[in-house]
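Data from model_39.cif: mmCIF, C-alpha atoms and all ligand atoms
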data_model
loop_
_atom_site.label_atom_id
_atom_site.label_comp_id
_atom_site.auth_asym_id
_atom_site.auth_seq_id
_atom_site.Cartn_x
_atom_site.Cartn_y
_atom_site.Cartn_z
CA MET A 3 -52.88 -22.40 -96.80
CA THR A 4 -55.27 -24.98 -95.39
CA PHE A 5 -54.87 -28.36 -93.72
CA HIS A 6 -58.06 -30.17 -93.08
CA LEU A 7 -58.71 -33.05 -90.71
CA ASP A 8 -61.99 -33.88 -89.05
CA ILE A 9 -61.53 -33.37 -85.31
CA ALA A 10 -64.76 -34.03 -83.44
CA ASP A 11 -65.91 -32.12 -80.39
CA LEU A 12 -65.85 -34.57 -77.48
CA HIS A 13 -68.82 -33.19 -75.60
CA ASP A 14 -70.70 -36.17 -74.02
CA THR A 15 -72.55 -35.36 -70.81
CA ALA A 16 -73.96 -38.89 -70.42
CA LEU A 17 -70.45 -40.38 -70.49
CA VAL A 18 -69.15 -37.77 -68.06
CA ARG A 19 -71.98 -38.64 -65.68
CA ARG A 20 -71.27 -42.38 -65.89
CA VAL A 21 -67.52 -41.96 -65.32
CA GLN A 22 -68.08 -39.50 -62.48
CA HIS A 23 -70.39 -42.05 -60.86
CA ARG A 24 -67.73 -44.76 -61.25
CA LEU A 25 -65.14 -42.48 -59.66
CA ASP A 26 -67.50 -41.59 -56.83
CA ARG A 27 -68.12 -45.28 -56.01
CA LYS A 28 -64.40 -46.07 -55.67
CA THR A 29 -63.13 -46.89 -52.16
CA LYS A 30 -62.01 -43.38 -51.21
CA PRO A 31 -63.52 -40.24 -49.76
CA LEU A 32 -65.50 -38.40 -52.42
CA GLY A 33 -63.22 -36.37 -54.70
CA SER A 34 -60.08 -37.32 -52.76
CA LEU A 35 -58.01 -38.20 -55.83
CA GLY A 36 -58.16 -34.55 -56.83
CA ARG A 37 -56.65 -33.77 -60.20
CA LEU A 38 -56.32 -37.48 -61.02
CA GLU A 39 -60.11 -37.68 -61.14
CA SER A 40 -60.45 -34.95 -63.76
CA LEU A 41 -57.60 -36.58 -65.69
CA ALA A 42 -59.43 -39.92 -65.64
CA LEU A 43 -62.56 -38.18 -66.90
CA GLN A 44 -60.59 -36.57 -69.70
CA LEU A 45 -59.11 -39.92 -70.75
CA ALA A 46 -62.61 -41.42 -70.87
CA LEU A 47 -63.83 -38.55 -73.03
CA VAL A 48 -60.86 -38.76 -75.40
CA GLN A 49 -61.46 -42.46 -75.95
CA GLY A 50 -65.26 -42.22 -75.77
CA ARG A 51 -65.50 -45.04 -73.24
CA GLU A 52 -65.95 -45.56 -69.51
CA ASP A 53 -62.89 -47.78 -69.26
CA PRO A 54 -60.10 -45.99 -71.17
CA GLN A 55 -56.83 -47.81 -71.69
CA LEU A 56 -53.48 -46.32 -72.58
CA HIS A 57 -51.13 -48.41 -74.65
CA ALA A 58 -47.81 -48.11 -76.49
CA PRO A 59 -47.12 -44.46 -75.56
CA GLN A 60 -44.87 -42.78 -78.14
CA LEU A 61 -42.48 -39.97 -77.26
CA VAL A 62 -41.58 -38.22 -80.50
CA VAL A 63 -38.80 -35.62 -80.63
CA PHE A 64 -39.22 -33.30 -83.63
CA ALA A 65 -35.88 -31.72 -84.59
CA ALA A 66 -34.86 -28.90 -86.92
CA ASP A 67 -32.55 -25.94 -87.27
CA HIS A 68 -33.53 -22.27 -87.41
CA GLY A 69 -32.10 -19.59 -89.69
CA ILE A 70 -32.74 -16.97 -87.03
CA ALA A 71 -30.13 -18.65 -84.81
CA ALA A 72 -27.50 -16.84 -86.95
CA GLN A 73 -28.66 -13.60 -85.28
CA GLY A 74 -27.33 -14.68 -81.88
CA VAL A 75 -30.70 -15.44 -80.26
CA SER A 76 -29.50 -18.57 -78.45
CA ALA A 77 -26.74 -19.13 -75.90
CA TYR A 78 -25.62 -22.21 -77.88
CA PRO A 79 -24.54 -22.81 -81.49
CA SER A 80 -26.78 -24.49 -84.08
CA ASP A 81 -24.51 -27.54 -84.22
CA VAL A 82 -25.96 -28.56 -80.86
CA THR A 83 -29.16 -29.54 -82.69
CA TRP A 84 -27.61 -32.39 -84.67
CA GLN A 85 -25.24 -33.30 -81.86
CA MET A 86 -28.21 -33.71 -79.49
CA VAL A 87 -30.04 -35.82 -82.08
CA GLU A 88 -27.03 -38.18 -81.98
CA ASN A 89 -27.21 -38.05 -78.18
CA PHE A 90 -30.93 -38.96 -78.19
CA LEU A 91 -30.23 -41.90 -80.46
CA ALA A 92 -27.26 -43.03 -78.36
CA GLY A 93 -29.43 -42.95 -75.24
CA GLY A 94 -27.54 -40.24 -73.36
CA ALA A 95 -29.88 -37.23 -73.33
CA ALA A 96 -32.20 -36.34 -70.44
CA VAL A 97 -35.21 -37.46 -72.46
CA SER A 98 -33.47 -40.74 -73.33
CA VAL A 99 -33.08 -41.52 -69.63
CA LEU A 100 -36.66 -40.52 -68.80
CA ALA A 101 -38.09 -42.49 -71.74
CA ARG A 102 -36.19 -45.59 -70.59
CA GLN A 103 -37.32 -45.10 -67.01
CA ASN A 104 -40.95 -44.86 -68.06
CA HIS A 105 -40.97 -47.46 -70.87
CA LEU A 106 -41.78 -44.88 -73.53
CA ALA A 107 -40.85 -45.63 -77.13
CA LEU A 108 -38.58 -42.78 -78.28
CA THR A 109 -38.49 -41.69 -81.92
CA VAL A 110 -36.57 -38.74 -83.35
CA VAL A 111 -37.94 -37.07 -86.48
CA ASP A 112 -35.45 -35.06 -88.55
CA CYS A 113 -37.75 -32.33 -89.85
CA GLY A 114 -34.94 -30.09 -91.07
CA VAL A 115 -31.67 -30.46 -89.20
CA ARG A 116 -28.64 -28.99 -90.96
CA HIS A 117 -26.76 -32.29 -90.98
CA ASP A 118 -26.84 -35.59 -92.86
CA PHE A 119 -27.62 -38.45 -90.49
CA ALA A 120 -26.82 -42.07 -91.18
CA PRO A 121 -30.14 -43.95 -91.27
CA ARG A 122 -30.84 -46.01 -88.17
CA GLU A 123 -33.53 -47.35 -85.92
CA GLY A 124 -35.42 -44.70 -84.00
CA LEU A 125 -34.70 -41.94 -86.54
CA ILE A 126 -37.28 -40.89 -89.14
CA ASN A 127 -36.13 -38.81 -92.08
CA ALA A 128 -38.78 -36.15 -92.76
CA LYS A 129 -36.34 -33.42 -93.76
CA VAL A 130 -38.01 -30.59 -95.64
CA ALA A 131 -34.91 -28.39 -95.91
CA ALA A 132 -31.56 -27.93 -94.19
CA GLY A 133 -33.05 -25.58 -91.61
CA SER A 134 -35.62 -22.81 -91.94
CA ALA A 135 -34.78 -19.36 -93.30
CA ASP A 136 -34.00 -16.42 -91.02
CA ALA A 137 -37.40 -15.02 -89.96
CA SER A 138 -35.84 -11.64 -89.17
CA GLN A 139 -35.33 -11.22 -92.93
CA GLY A 140 -38.56 -12.72 -94.29
CA PRO A 141 -40.70 -15.87 -93.92
CA ALA A 142 -39.04 -18.78 -92.10
CA MET A 143 -40.71 -21.22 -94.49
CA SER A 144 -42.55 -21.01 -97.77
CA ALA A 145 -46.20 -22.06 -97.69
CA ALA A 146 -45.23 -25.19 -99.63
CA GLN A 147 -42.52 -26.12 -97.12
CA CYS A 148 -44.88 -25.59 -94.22
CA GLU A 149 -47.57 -27.69 -95.87
CA GLN A 150 -45.05 -30.45 -96.62
CA ALA A 151 -43.84 -30.44 -93.02
CA MET A 152 -47.40 -30.69 -91.68
CA ALA A 153 -48.27 -33.51 -94.06
CA GLN A 154 -45.14 -35.40 -93.03
CA GLY A 155 -45.98 -34.93 -89.36
CA ALA A 156 -49.42 -36.39 -89.96
CA ALA A 157 -47.87 -39.30 -91.89
CA VAL A 158 -45.41 -40.05 -89.08
CA LEU A 159 -48.32 -40.31 -86.65
CA ARG A 160 -50.35 -42.57 -88.91
CA ASP A 161 -47.46 -45.05 -88.88
CA LEU A 162 -46.93 -45.06 -85.11
CA PRO A 163 -48.70 -47.57 -82.86
CA GLY A 164 -50.48 -46.85 -79.60
CA ASN A 165 -52.96 -44.25 -78.46
CA VAL A 166 -50.73 -41.70 -76.70
CA LEU A 167 -48.42 -39.11 -78.26
CA LEU A 168 -45.91 -37.37 -76.00
CA LEU A 169 -44.40 -34.30 -77.67
CA GLY A 170 -40.71 -33.42 -77.64
CA GLU A 171 -38.52 -31.12 -79.73
CA MET A 172 -34.94 -30.11 -80.39
CA GLY A 173 -33.79 -27.08 -82.35
CA ILE A 174 -31.39 -24.36 -81.35
CA GLY A 175 -33.28 -21.07 -81.76
CA ASN A 176 -36.72 -22.56 -81.33
CA THR A 177 -37.69 -20.57 -78.23
CA SER A 178 -37.45 -17.58 -80.61
CA ALA A 179 -39.88 -19.16 -83.05
CA ALA A 180 -42.24 -20.11 -80.21
CA SER A 181 -42.11 -16.57 -78.78
CA LEU A 182 -43.03 -15.12 -82.17
CA LEU A 183 -45.94 -17.52 -82.50
CA MET A 184 -47.17 -16.65 -79.01
CA CYS A 185 -47.01 -12.93 -79.72
CA ARG A 186 -48.87 -13.12 -83.03
CA LEU A 187 -51.38 -15.85 -82.14
CA ALA A 188 -52.21 -14.90 -78.56
CA GLY A 189 -51.81 -11.14 -79.03
CA VAL A 190 -49.44 -10.83 -76.09
CA PRO A 191 -46.80 -8.02 -76.23
CA LEU A 192 -43.52 -9.43 -77.56
CA ALA A 193 -41.52 -8.55 -74.43
CA ASP A 194 -43.82 -10.81 -72.41
CA CYS A 195 -43.25 -13.70 -74.82
CA VAL A 196 -39.46 -13.64 -74.82
CA GLY A 197 -37.28 -15.46 -72.28
CA ARG A 198 -33.77 -16.73 -71.72
CA GLY A 199 -34.13 -19.97 -73.68
CA THR A 200 -30.95 -21.97 -73.19
CA GLY A 201 -29.66 -19.33 -70.76
CA LEU A 202 -29.16 -15.88 -72.30
CA ASP A 203 -28.07 -13.13 -69.91
CA ASP A 204 -29.92 -9.81 -69.75
CA ALA A 205 -27.97 -8.34 -72.68
CA GLY A 206 -28.68 -11.51 -74.68
CA VAL A 207 -32.41 -11.27 -73.98
CA ALA A 208 -32.39 -7.60 -75.11
CA ARG A 209 -30.66 -8.62 -78.36
CA LYS A 210 -33.13 -11.48 -78.87
CA LEU A 211 -36.05 -9.10 -78.35
CA ALA A 212 -34.68 -6.67 -80.97
CA VAL A 213 -34.17 -9.50 -83.50
CA LEU A 214 -37.67 -10.85 -82.88
CA GLN A 215 -39.12 -7.38 -83.28
CA ARG A 216 -37.55 -7.29 -86.75
CA ALA A 217 -39.01 -10.72 -87.50
CA LEU A 218 -42.51 -9.46 -86.66
CA GLN A 219 -42.01 -6.49 -88.96
CA ALA A 220 -40.60 -8.64 -91.75
CA ASN A 221 -43.68 -10.87 -91.54
CA GLU A 222 -46.34 -8.29 -90.79
CA ALA A 223 -48.84 -9.68 -93.29
CA ALA A 224 -49.15 -13.10 -91.65
CA VAL A 225 -52.31 -13.26 -89.55
CA ALA A 226 -54.11 -16.56 -90.31
CA PRO A 227 -52.74 -19.31 -88.03
CA LEU A 228 -51.06 -21.41 -90.72
CA ASP A 229 -49.57 -18.31 -92.39
CA VAL A 230 -48.21 -17.31 -88.99
CA LEU A 231 -46.78 -20.81 -88.59
CA ALA A 232 -45.04 -20.66 -91.99
CA SER A 233 -43.69 -17.13 -91.48
CA LEU A 234 -42.60 -17.23 -87.86
CA GLY A 235 -42.42 -20.92 -86.90
CA GLY A 236 -39.93 -23.59 -87.78
CA LEU A 237 -39.81 -26.93 -89.55
CA GLU A 238 -40.06 -29.00 -86.35
CA ILE A 239 -42.95 -26.87 -85.08
CA ALA A 240 -44.81 -27.23 -88.40
CA THR A 241 -44.20 -30.99 -88.51
CA MET A 242 -45.35 -31.26 -84.89
CA THR A 243 -48.49 -29.25 -85.72
CA GLY A 244 -49.40 -31.77 -88.43
CA ALA A 245 -48.69 -34.63 -86.02
CA VAL A 246 -50.87 -33.06 -83.33
CA LEU A 247 -53.78 -32.60 -85.75
CA GLN A 248 -53.46 -36.21 -86.93
CA ALA A 249 -53.18 -37.53 -83.36
CA ALA A 250 -56.26 -35.51 -82.40
CA ALA A 251 -58.21 -36.85 -85.38
CA GLN A 252 -57.31 -40.39 -84.24
CA ARG A 253 -58.38 -39.55 -80.67
CA ARG A 254 -54.93 -40.18 -79.27
CA LEU A 255 -54.10 -38.52 -75.99
CA ILE A 256 -51.52 -35.77 -76.54
CA VAL A 257 -49.07 -34.98 -73.75
CA VAL A 258 -47.67 -31.48 -74.26
CA ASP A 259 -44.20 -30.66 -72.94
CA GLY A 260 -42.94 -27.06 -72.55
CA PHE A 261 -42.96 -23.73 -74.34
CA ILE A 262 -42.12 -24.96 -77.84
CA THR A 263 -44.51 -27.90 -77.98
CA THR A 264 -47.20 -25.52 -76.67
CA ALA A 265 -46.55 -23.40 -79.76
CA ALA A 266 -47.38 -26.31 -82.08
CA VAL A 267 -50.49 -27.16 -80.07
CA ALA A 268 -51.60 -23.51 -80.05
CA VAL A 269 -51.41 -23.42 -83.86
CA ALA A 270 -53.30 -26.72 -84.12
CA ALA A 271 -55.95 -25.48 -81.70
CA ALA A 272 -56.31 -22.23 -83.63
CA VAL A 273 -57.15 -24.35 -86.68
CA ALA A 274 -59.26 -26.92 -84.80
CA PRO A 275 -60.23 -25.92 -81.23
CA PRO A 276 -61.29 -29.46 -80.11
CA VAL A 277 -57.57 -30.40 -80.26
CA LEU A 278 -57.25 -29.02 -76.72
CA GLN A 279 -59.72 -31.60 -75.38
CA ARG A 280 -57.14 -34.30 -76.21
CA CYS A 281 -54.20 -32.48 -74.60
CA VAL A 282 -52.67 -32.88 -71.18
CA PHE A 283 -50.23 -30.06 -70.42
CA ALA A 284 -47.41 -31.78 -68.56
CA HIS A 285 -45.75 -28.85 -66.86
CA ALA A 286 -45.27 -25.11 -66.60
CA SER A 287 -41.88 -24.37 -68.08
CA ALA A 288 -39.57 -21.83 -66.46
CA GLU A 289 -39.34 -20.14 -69.87
CA SER A 290 -41.00 -16.79 -69.24
CA GLY A 291 -44.21 -16.59 -71.21
CA HIS A 292 -45.17 -20.23 -70.87
CA ALA A 293 -47.41 -19.88 -67.80
CA ARG A 294 -49.18 -16.93 -69.39
CA TRP A 295 -49.69 -18.82 -72.65
CA LEU A 296 -51.19 -21.77 -70.79
CA ALA A 297 -53.53 -19.39 -68.98
CA ARG A 298 -54.53 -17.84 -72.32
CA LEU A 299 -55.30 -21.31 -73.65
CA GLY A 300 -57.38 -21.94 -70.53
CA VAL A 301 -55.40 -25.01 -69.48
CA GLN A 302 -53.71 -26.09 -66.25
CA PRO A 303 -50.31 -27.77 -66.25
CA LEU A 304 -49.84 -30.89 -64.13
CA LEU A 305 -46.36 -30.16 -62.79
CA ASP A 306 -44.19 -27.18 -61.98
CA LEU A 307 -40.61 -28.33 -61.58
CA GLY A 308 -38.77 -25.29 -62.88
CA LEU A 309 -37.78 -27.22 -66.00
CA ARG A 310 -36.53 -25.25 -69.03
CA LEU A 311 -35.15 -28.04 -71.14
CA GLY A 312 -37.64 -29.20 -73.73
CA GLU A 313 -36.87 -32.51 -75.53
CA GLY A 314 -40.10 -33.94 -74.10
CA SER A 315 -38.54 -34.20 -70.64
CA GLY A 316 -41.58 -32.74 -68.86
CA ALA A 317 -43.97 -34.91 -70.86
CA ALA A 318 -42.01 -38.03 -69.88
CA LEU A 319 -42.06 -36.97 -66.22
CA ALA A 320 -45.82 -36.45 -66.28
CA TRP A 321 -46.48 -39.80 -67.92
CA PRO A 322 -46.62 -41.95 -64.73
CA ILE A 323 -49.22 -39.58 -63.25
CA ILE A 324 -51.41 -39.86 -66.36
CA ASP A 325 -50.95 -43.63 -66.38
CA ALA A 326 -51.91 -43.69 -62.68
CA ALA A 327 -55.17 -41.81 -63.35
CA CYS A 328 -56.10 -44.37 -65.99
CA ARG A 329 -55.22 -47.37 -63.80
CA LEU A 330 -57.10 -46.03 -60.79
CA LEU A 331 -60.26 -45.68 -62.87
CA ALA A 332 -59.83 -49.19 -64.27
CA GLU A 333 -58.59 -51.13 -61.27
CA MET A 334 -59.86 -49.61 -58.02
CA ALA A 335 -62.60 -51.49 -56.21
CA SER A 336 -65.95 -49.87 -55.46
CA PHE A 337 -67.58 -49.64 -52.02
CA GLU A 338 -69.95 -52.40 -53.20
CA SER A 339 -67.34 -54.78 -54.66
CA ALA A 340 -64.93 -54.42 -51.72
CA GLY A 341 -67.59 -54.41 -48.98
CA VAL A 342 -66.40 -51.08 -47.60
CA SER A 343 -68.91 -48.83 -45.79
CA ASP A 344 -69.76 -45.58 -47.54
CA ALA A 345 -70.17 -42.20 -45.80
CA SER A 346 -73.06 -42.21 -43.38
C1 LIG B 1 -27.19 -29.11 -74.84
C2 LIG B 1 -28.64 -28.72 -75.07
C3 LIG B 1 -29.63 -29.69 -74.98
C4 LIG B 1 -30.96 -29.33 -75.17
N1 LIG B 1 -32.09 -30.04 -75.16
C5 LIG B 1 -33.11 -29.27 -75.40
N2 LIG B 1 -32.70 -28.00 -75.60
C6 LIG B 1 -33.61 -26.89 -75.80
O1 LIG B 1 -32.96 -25.67 -76.11
C7 LIG B 1 -33.28 -25.18 -77.40
C8 LIG B 1 -34.08 -23.92 -77.35
O2 LIG B 1 -33.42 -22.85 -76.73
P1 LIG B 1 -32.84 -21.62 -77.58
O3 LIG B 1 -34.00 -21.00 -78.28
O4 LIG B 1 -32.23 -20.73 -76.54
O5 LIG B 1 -31.82 -22.17 -78.52
C9 LIG B 1 -34.06 -26.27 -78.06
O6 LIG B 1 -33.23 -27.05 -78.82
C10 LIG B 1 -34.67 -27.00 -76.90
O7 LIG B 1 -35.15 -28.25 -77.15
C11 LIG B 1 -31.35 -28.02 -75.47
C12 LIG B 1 -30.34 -27.04 -75.58
C13 LIG B 1 -28.99 -27.38 -75.37
C14 LIG B 1 -27.93 -26.34 -75.47
O1 LIG B 2 -40.08 -25.05 -72.22
C1 LIG B 2 -39.39 -25.45 -73.16
O2 LIG B 2 -39.86 -26.25 -74.00
C2 LIG B 2 -37.98 -24.97 -73.32
C3 LIG B 2 -37.47 -23.96 -72.57
C4 LIG B 2 -36.17 -23.55 -72.75
C5 LIG B 2 -35.38 -24.16 -73.69
N1 LIG B 2 -35.89 -25.15 -74.42
C6 LIG B 2 -37.17 -25.54 -74.25
#
Starting from the coordinates I provided, produce the structure as structure tokens.
Ligand SMILES: Cc1cc2ncn([C@H]3O[C@H](COP(=O)(O)O)[C@@H](O)[C@H]3O)c2cc1C
Ligand SMILES: O=C(O)c1cccnc1
Amino acid sequence: MTFHLDIADLHDTALVRRVQHRLDRKTKPLGSLGRLESLALQLALVQGREDPQLHAPQLVVFAADHGIAAQGVSAYPSDVTWQMVENFLAGGAAVSVLARQNHLALTVVDCGVRHDFAPREGLINAKVAAGSADASQGPAMSAAQCEQAMAQGAAVLRDLPGNVLLLGEMGIGNTSAASLLMCRLAGVPLADCVGRGTGLDDAGVARKLAVLQRALQANEAAVAPLDVLASLGGLEIATMTGAVLQAAAQRRLIVVDGFITTAAVAVAAAVAPPVLQRCVFAHASAESGHARWLARLGVQPLLDLGLRLGEGSGAALAWPIIDAACRLLAEMASFESAGVSDAS
């Protein structure tokens, strides 16, 4: 399976030098805005300009069900997936509150939820199937399903305004899919990729580990990143992967949420490494494995709030910090323009 989009490497030393100079002339001690300065530099590189601007940020929640949930790998039943989609649309979920607080447009994409939704504003129907198959028995998706999901994710992005994509997801069982992807893509032992998800106890985690071990065996042949995605991923993760590749090709900034959205980005980056240059990793999730995966990817999360929710909640929380970095670069006075004395 292939999926080709042209994603340029953003290397531009002249631009970095110009933006660093701008930052250094701002009315502040040299380097005193810390991480916000490297964020501002990243935004400039993503947009290829000294004065980046962020507009119409889009928080997109990709939702789907997982066949493997039937094996008891989650503390909650699969029905929670569609019920939470209704909750997102009604404005009552954590991410709904955070999106409102931060003026983020919230869209839910039904990539494969096992439920028929009435059409309405804020909901995009990109259903490939009524849930993925049980990966402990064979591939979660066929190659054709995976390709369709990725193409639909790319199409969703093409139709959305703005230049920022914030990733969110919903799908009971999807920490299992993400753990499998981490294990196979990053080569980390399975036990170090598996956590409590929605809140499994120790016996639940042991059961989840045994089920996921079977899934690895049942899909032993999958090694290439998109084959791994089809075999061990899920419909929302595949759709998100297509969306991430499209967003990267359009030089949108991509704000990554927790463990599951990292899975989609890791697949996209395995296919096209420059994807990571466009990504801001919002937070380190409490899901065990996430911090290690971020370290493997060579990236540093902005926040560490002990979140283990998903939905895009961490991405929404990081948004005002990213917005601040951009505004500081654009709006702060320089020593010259403000008539402030520089270091002697
Ligand atoms: C009420 C509720 C709201 C959620 N919002 C996000 N998730 C999160 O939990 C799920 C993954 O965990 P697992 O793999 O253990 O099922 C995903 O749906 C994720 O977005 C939720 C889970 C629940 C129960
Ligand atoms: O980090 C996440 O994305 C996460 C963790 C636990 C449950 N759902 C999502």
Edge lengths and centre in Å to one decimal, as AutoDock Vina command-line options, is what I'm after for the box along x, y and z that holds all listed atoms of ligand LIG 1 (chain B) once 6 Å is added on each side.
--center_x -31.2 --center_y -25.4 --center_z -76.8 --size_x 20.0 --size_y 21.3 --size_z 16.0
*Nearest to ligand LIG 1 (chain B), chosen from A:Gly308, A:Gly244, A:Pro79, A:Gly236, with all atoms listed in the file counted in the distances*: A:Pro79
*How many Å separate atom CA of His57 of chain A from atom CA of Asn165 of chain A?*
5.9 Å
*Around ligand LIG 2 (chain B), at most 9 Å away and counting all atoms listed in the file, which residues are there? Put them as a PyMOL selection string, please.*
chain A and resi 170-177+197-201+259-264+285-290+292+309-316
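Taking all atoms listed in the file into account, the polymer residues that have an atom no farther than 6 Å from (-50.1, -34.6, -76.0) are Leu167, Leu168, Leu169, Leu255, Ile256, Val257, Val258, Cys281 and Val282 of chain A.
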Given the selection you just returned, output its residues as a file containing C-alpha atoms, formatted as a JSON list (two decimals), in the coordinates of the input.
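Result went into part_5.json, see below:
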[["chain", "number", "residue", "atom", "x", "y", "z"],
["A", 167, "LEU", "CA", -48.42, -39.11, -78.26],
["A", 168, "LEU", "CA", -45.91, -37.37, -76.00],
["A", 169, "LEU", "CA", -44.40, -34.30, -77.67],
["A", 255, "LEU", "CA", -54.10, -38.52, -75.99],
["A", 256, "ILE", "CA", -51.52, -35.77, -76.54],
["A", 257, "VAL", "CA", -49.07, -34.98, -73.75],
["A", 258, "VAL", "CA", -47.67, -31.48, -74.26],
["A", 281, "CYS", "CA", -54.20, -32.48, -74.60],
["A", 282, "VAL", "CA", -52.67, -32.88, -71.18]]
_Point (-59.7, -42.8, -76.0), cut-off 9 Å, counting all atoms listed in the file, residues as an MDAnalysis selection string_ = chainID A and resid 44:51 53:56 165 252:255 280
*asked:* When you look at segment 324-329 of chain A with a cut-off of 7 Å (counting only C-alpha atoms), what residues show up, excluding the ones that are within fewer than 4 positions of it in the same chain? I need them as JSON, numbers by chain.
replied: {"A": [38, 39, 41, 42, 54, 55, 320, 333]}
*What gap, in Å, lies between atom CA of Met152 of chain A and atom CA of Ala180 of chain A?*
16.4 Å
*Could you give me, as a PyMOL selection string, the residues within 10 Å of segment 223-231 of chain A, counting all atoms listed in the file and dropping anything in the same chain fewer than 3 positions from it?*
chain A and resi 3-5+141-145+148-149+179-180+182-183+186-187+218-220+234-237+239-240+243+265-266+268-273
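Between ligand LIG 1 (chain B) and the candidates A:Arg160, A:Arg216, A:His68, A:Arg209, the tightest atom-to-atom separation, counting all atoms listed in the file, involves A:His68.
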*With distances taken over only C-alpha atoms and all ligand atoms, which of A:Cys185, A:Ala92, A:Val82, A:Ala217 is nearest to ligand LIG 1 (chain B)?*
A:Val82
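Considering the residues A:Ser178, A:Gln85, A:Asn104, A:Ser138 and counting all atoms listed in the file, ligand LIG 1 (chain B) has its shortest atom-to-atom contact with A:Ser178.
The two atoms in question, atom CA of Ala297 of chain A and atom CA of Phe283 of chain A, are spaced 11.3 Å apart.
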*Could you check which of A:Asp26, A:Glu222, A:Asp306, A:Asp11 is closest to Leu319 of chain A, using all atoms listed in the file?*
A:Asp306
*Find the residues near Leu211 of chain A: any atom within 9 Å, counting only C-alpha atoms, skip ones fewer than 3 places away on the same chain, and give them as a ChimeraX atom specification.*
/A:75,178,192-193,196-197,206-208,214-216
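With only C-alpha atoms and all ligand atoms as the basis for measurement, A:Ala72 is the residue among A:Leu159, A:Leu296, A:Val342, A:Ala72 that approaches ligand LIG 1 (chain B) most closely.
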*Skipping near chain neighbours, those fewer than 5 positions away, what residues fall within 12 Å of Gln103 of chain A using all atoms listed in the file, listed as a PyMOL selection string?*
chain A and resi 93+96-98+108+315+318-319+321-322
*Hey, what's within 10 Å of Ala131 of chain A if we count all atoms listed in the file and toss same-chain stuff fewer than 3 positions away? As a list of chain:residue names, please?*
A:Ala66, A:Asp67, A:Asp112, A:Cys113, A:Gly114, A:Val115, A:Arg116, A:Ala128, A:Ser134, A:Ala135, A:Met143, A:Gln147, A:Ala151, A:Leu237
